[in-house]
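Please read the structure below before turning to the comments.
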Amino acid sequence: MPHATVLAVDSDRVNLCAIRHCFHHAGVEAVLARSAGEAARRVLERAPGVALVSLGLGAEESLGLVRRFRREYATSRLPILLLAEEGQESLVARALEAGASDFVLLPEEEPAFVARVTGMLGWSAAPGTSRFLTAGGIVFDADRAELVRPRPSAPCEGRILRWLLTPAGRAYTRRQLLAAHRPAFPPGAEERSVDAHVASLRRKLGAWGSCVETRRGVGYRFDPSRAEAGAPAGTVSA
């Protein structure tokens with residue numbers, strides 16, 4: 001992974017040094033910033049592959065930075081991983097709706113953290129033009145928004161899966177999934193109706209149903225590493 005770069009934004013110098021240390025061993029350069037303003041300057045100097053934004057910056061500054069990255073053309077497709085702690089689920093949901101890609105709850109084991117970030121490095125590339133999206137044993141028809149394999153899906157389920165697969169690994173709130181294709185849902189549908197459709201989708205995915213992760217207090221994410229590793233054993237509950 002030559003010349004891979006991540007931008008880490010955190011007001012805590014110790015946290016930034018720890019991030020730089022763990023990515024050094026993975027052959028990834030970490031560019032550090034202690035404020036949103038400094039982060040904005042850093043991306044102009046060198047475009048990173050992923051931005052790590054700590055919610056420790058505070059709600060106003062972290063949300064403002066996420067919105068700024070999405071607003072500027074140069075960073076509009078930049079993958080943004082939120083660094084959060086227990087109890088910050090509400091702020092995580094707001095940041096995802098502002099344009100962040102996913103989040104991790106700290107502390108996180110170093111190998112898992114590095115693997116999550118390095119897996120996001122290719123997300124900023126333009127999406128492919130292929131009609132069919134695949135992940136492990138799952139085949140999805142993007143044009144028709146339908147699950148092809150292992151079992152056909154209903155319209156709501158298909159549209160949820162389409163978002164979860166583009167790109168696979170990004171987290172979405174219930175509100176985002178409901179609003180993205182509002183006409184596909186029955187009149188009067190609420191955010192909790194997304195849960196029922198996800199439960200049905202998991203059943204239709206069969207052994208791959210556990211690839212659809214529940215992000216507690218936030219929403220859902222499709223885990224591509226589980227899909228590529230092969231069909232997990234066991235039954236998935238709603």
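In the structure tokens, chains take letters A, B, ... by order of appearance, with residues numbered from 1 within each chain and ligands from 1 in the order shown.
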
Let's see if you can do this: from backbone DSSP, list all strand (DSSP E or B) residues in region 29-208 of chain A, as a PyMOL selection string. chain A and resi 29-33+50-54+80-84+102-105+132-135+138-141+146-149+165+168+171-173

Could you write out the selected residues, including C-alpha atoms, as a compact mmCIF listing (two decimals), in the first residue's frame?
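The resulting file, out32.txt, is shown below:
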```txt
# COMPACT_ATOMS: atom_id res chain seq x y z
CA GLU A 29 1.68 7.67 7.02
CA ALA A 30 -0.45 9.55 9.54
CA VAL A 31 -0.76 13.31 9.09
CA LEU A 32 -1.80 14.92 12.39
CA ALA A 33 -4.00 17.92 13.18
CA VAL A 50 -9.06 8.54 5.00
CA ALA A 51 -9.82 11.20 7.61
CA LEU A 52 -10.07 10.17 11.26
CA VAL A 53 -12.14 12.77 13.12
CA SER A 54 -12.31 12.58 16.91
CA ILE A 80 -14.45 9.93 7.22
CA LEU A 81 -14.12 7.63 10.23
CA LEU A 82 -15.37 9.03 13.53
CA LEU A 83 -13.42 8.27 16.71
CA ALA A 84 -16.05 8.03 19.44
CA ASP A 102 -18.44 5.14 9.77
CA PHE A 103 -17.31 5.18 13.39
CA VAL A 104 -15.32 3.18 15.93
CA LEU A 105 -15.85 3.15 19.68
CA PHE A 132 -23.99 -6.23 -10.19
CA LEU A 133 -22.47 -5.71 -6.74
CA THR A 134 -20.98 -8.75 -5.04
CA ALA A 135 -19.79 -9.50 -1.51
CA ILE A 138 -24.18 -12.14 -2.14
CA VAL A 139 -25.09 -10.86 -5.61
CA PHE A 140 -27.07 -7.61 -5.88
CA ASP A 141 -28.56 -6.04 -9.03
CA GLU A 146 -32.88 -6.29 -6.06
CA LEU A 147 -31.08 -9.08 -4.25
CA VAL A 148 -30.28 -11.81 -6.79
CA ARG A 149 -28.57 -14.35 -4.55
CA LEU A 165 -23.18 -2.06 -0.27
CA ALA A 168 -19.69 -1.95 1.76
CA ALA A 171 -22.52 2.99 8.44
CA TYR A 172 -25.96 4.58 8.00
CA THR A 173 -28.54 5.78 10.50
```

Just list the residues in region 49-233 of chain A DSSP gives helix (DSSP H, G or I) on the backbone, as a VMD selection string. chain A and resid 55 to 57 59 to 71 73 to 75 89 to 98 110 to 119 155 to 164 174 to 180 182 to 184 193 to 211 224 to 229

Spatial neighbours of region 118-120 of chain A, max dist 8 Å, only C-alpha atoms, sep filter under 6 positions, as a ChimeraX atom specification: /A:49-50,79,169

Rounded to one decimal, what separation in Å do you get between CA of Ser210 (chain A) and CA of Ala98 (chain A)? 26.9 Å

Pick out the residues sitting within 10 Å of Pro167 (chain A), and hand them over as a short mmCIF file (atom, residue, chain, number, x, y, z; two decimals) with all heavy atoms, in the first residue's frame; count only C-alpha atoms, and ignore anything fewer than 4 positions along from it in its own chain.
```
data_model
loop_
_atom_site.label_atom_id
_atom_site.label_comp_id
_atom_site.auth_asym_id
_atom_site.auth_seq_id
_atom_site.Cartn_x
_atom_site.Cartn_y
_atom_site.Cartn_z
N SER A 101 -18.55 8.61 7.27
CA SER A 101 -18.71 7.30 6.65
C SER A 101 -18.97 6.18 7.65
O SER A 101 -19.74 5.26 7.37
CB SER A 101 -17.45 6.95 5.83
OG SER A 101 -17.11 7.99 4.95
N MET A 120 -10.76 1.16 4.28
CA MET A 120 -11.49 2.32 3.76
C MET A 120 -10.68 3.13 2.76
O MET A 120 -11.22 4.06 2.14
CB MET A 120 -11.92 3.23 4.92
CG MET A 120 -12.87 2.59 5.91
SD MET A 120 -13.18 3.64 7.36
CE MET A 120 -14.13 4.98 6.63
N GLY A 122 -9.66 2.71 -0.20
CA GLY A 122 -10.08 2.75 -1.59
C GLY A 122 -11.47 3.31 -1.82
O GLY A 122 -11.93 3.41 -2.96
N TRP A 123 -12.15 3.74 -0.73
CA TRP A 123 -13.53 4.19 -0.89
C TRP A 123 -13.67 5.47 -1.69
O TRP A 123 -14.70 5.70 -2.32
CB TRP A 123 -14.14 4.43 0.49
CG TRP A 123 -14.48 3.18 1.22
CD1 TRP A 123 -14.08 1.91 0.92
CD2 TRP A 123 -15.26 3.09 2.40
NE1 TRP A 123 -14.57 1.03 1.84
CE2 TRP A 123 -15.30 1.72 2.77
CE3 TRP A 123 -15.93 4.02 3.20
CZ2 TRP A 123 -15.99 1.27 3.89
CZ3 TRP A 123 -16.61 3.57 4.31
CH2 TRP A 123 -16.64 2.21 4.64
N SER A 124 -12.66 6.33 -1.66
CA SER A 124 -12.80 7.62 -2.33
C SER A 124 -12.75 7.51 -3.85
O SER A 124 -13.06 8.46 -4.56
CB SER A 124 -11.70 8.59 -1.86
OG SER A 124 -10.42 8.04 -2.12
N PRO A 127 -17.16 5.07 -7.88
CA PRO A 127 -17.75 3.75 -7.90
C PRO A 127 -17.74 3.16 -9.29
O PRO A 127 -17.79 3.87 -10.29
CB PRO A 127 -19.20 4.00 -7.42
CG PRO A 127 -19.45 5.45 -7.71
CD PRO A 127 -18.12 6.14 -7.56
N LEU A 133 -23.37 -5.85 -7.87
CA LEU A 133 -22.47 -5.71 -6.74
C LEU A 133 -22.37 -7.05 -6.05
O LEU A 133 -23.38 -7.73 -5.86
CB LEU A 133 -23.02 -4.67 -5.75
CG LEU A 133 -23.30 -3.27 -6.32
CD1 LEU A 133 -23.96 -2.40 -5.26
CD2 LEU A 133 -22.02 -2.63 -6.82
N ARG A 162 -28.83 -1.80 -1.07
CA ARG A 162 -28.06 -1.02 -2.05
C ARG A 162 -27.21 0.04 -1.36
O ARG A 162 -26.05 0.23 -1.70
CB ARG A 162 -29.02 -0.36 -3.05
CG ARG A 162 -28.30 0.45 -4.13
CD ARG A 162 -29.28 1.00 -5.13
NE ARG A 162 -28.58 1.63 -6.25
CZ ARG A 162 -29.20 2.11 -7.32
NH1 ARG A 162 -30.52 2.01 -7.42
NH2 ARG A 162 -28.52 2.68 -8.29
N TRP A 163 -27.78 0.70 -0.37
CA TRP A 163 -27.01 1.70 0.37
C TRP A 163 -25.90 1.05 1.17
O TRP A 163 -24.77 1.55 1.22
CB TRP A 163 -27.94 2.51 1.27
CG TRP A 163 -28.56 3.66 0.54
CD1 TRP A 163 -29.47 3.59 -0.47
CD2 TRP A 163 -28.28 5.04 0.73
NE1 TRP A 163 -29.79 4.85 -0.91
CE2 TRP A 163 -29.08 5.76 -0.19
CE3 TRP A 163 -27.45 5.74 1.59
CZ2 TRP A 163 -29.05 7.15 -0.28
CZ3 TRP A 163 -27.43 7.13 1.51
CH2 TRP A 163 -28.22 7.82 0.58
N ALA A 171 -21.40 3.05 7.50
CA ALA A 171 -22.52 2.99 8.44
C ALA A 171 -23.57 4.03 8.07
O ALA A 171 -23.24 5.12 7.61
CB ALA A 171 -22.03 3.23 9.86
N PHE A 222 -22.84 -2.82 6.73
CA PHE A 222 -22.52 -4.12 6.12
C PHE A 222 -21.03 -4.37 6.28
O PHE A 222 -20.21 -3.54 5.88
CB PHE A 222 -22.90 -4.14 4.63
CG PHE A 222 -22.74 -5.49 3.99
CD1 PHE A 222 -23.80 -6.37 3.93
CD2 PHE A 222 -21.52 -5.88 3.46
CE1 PHE A 222 -23.66 -7.63 3.36
CE2 PHE A 222 -21.36 -7.13 2.89
CZ PHE A 222 -22.43 -8.01 2.83
N PRO A 224 -17.92 -6.06 5.09
CA PRO A 224 -17.41 -6.80 3.93
C PRO A 224 -16.42 -7.89 4.30
O PRO A 224 -16.30 -8.88 3.59
CB PRO A 224 -16.75 -5.72 3.06
CG PRO A 224 -16.40 -4.63 4.03
CD PRO A 224 -17.46 -4.66 5.09
#
```

Leaving out Leu57 (chain A) and any residue of its chain fewer than 5 positions from it, which residues lie within 10 Å of it when counting only C-alpha atoms, given as number ranges by chain? A: 9-12, 34-36, 62-63, 65

Using Å and a single decimal, report how far CA of Ala93 (chain A) sits from CA of Val198 (chain A). 18.0 Å

Nearest residue to Val6 (chain A) from the set A:Glu191, A:Leu121, A:Phe113, A:Glu72 (distances using only C-alpha atoms):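 Going through A:Glu191, A:Leu121, A:Phe113, A:Glu72 one by one, the smallest distance to Val6 (chain A) is for A:Leu121.
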
What's the separation between CA of Val92 (chain A) and CA of Val117 (chain A), in Å to one decimal place?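 Distance reported for this atom pair: 17.2 Å.
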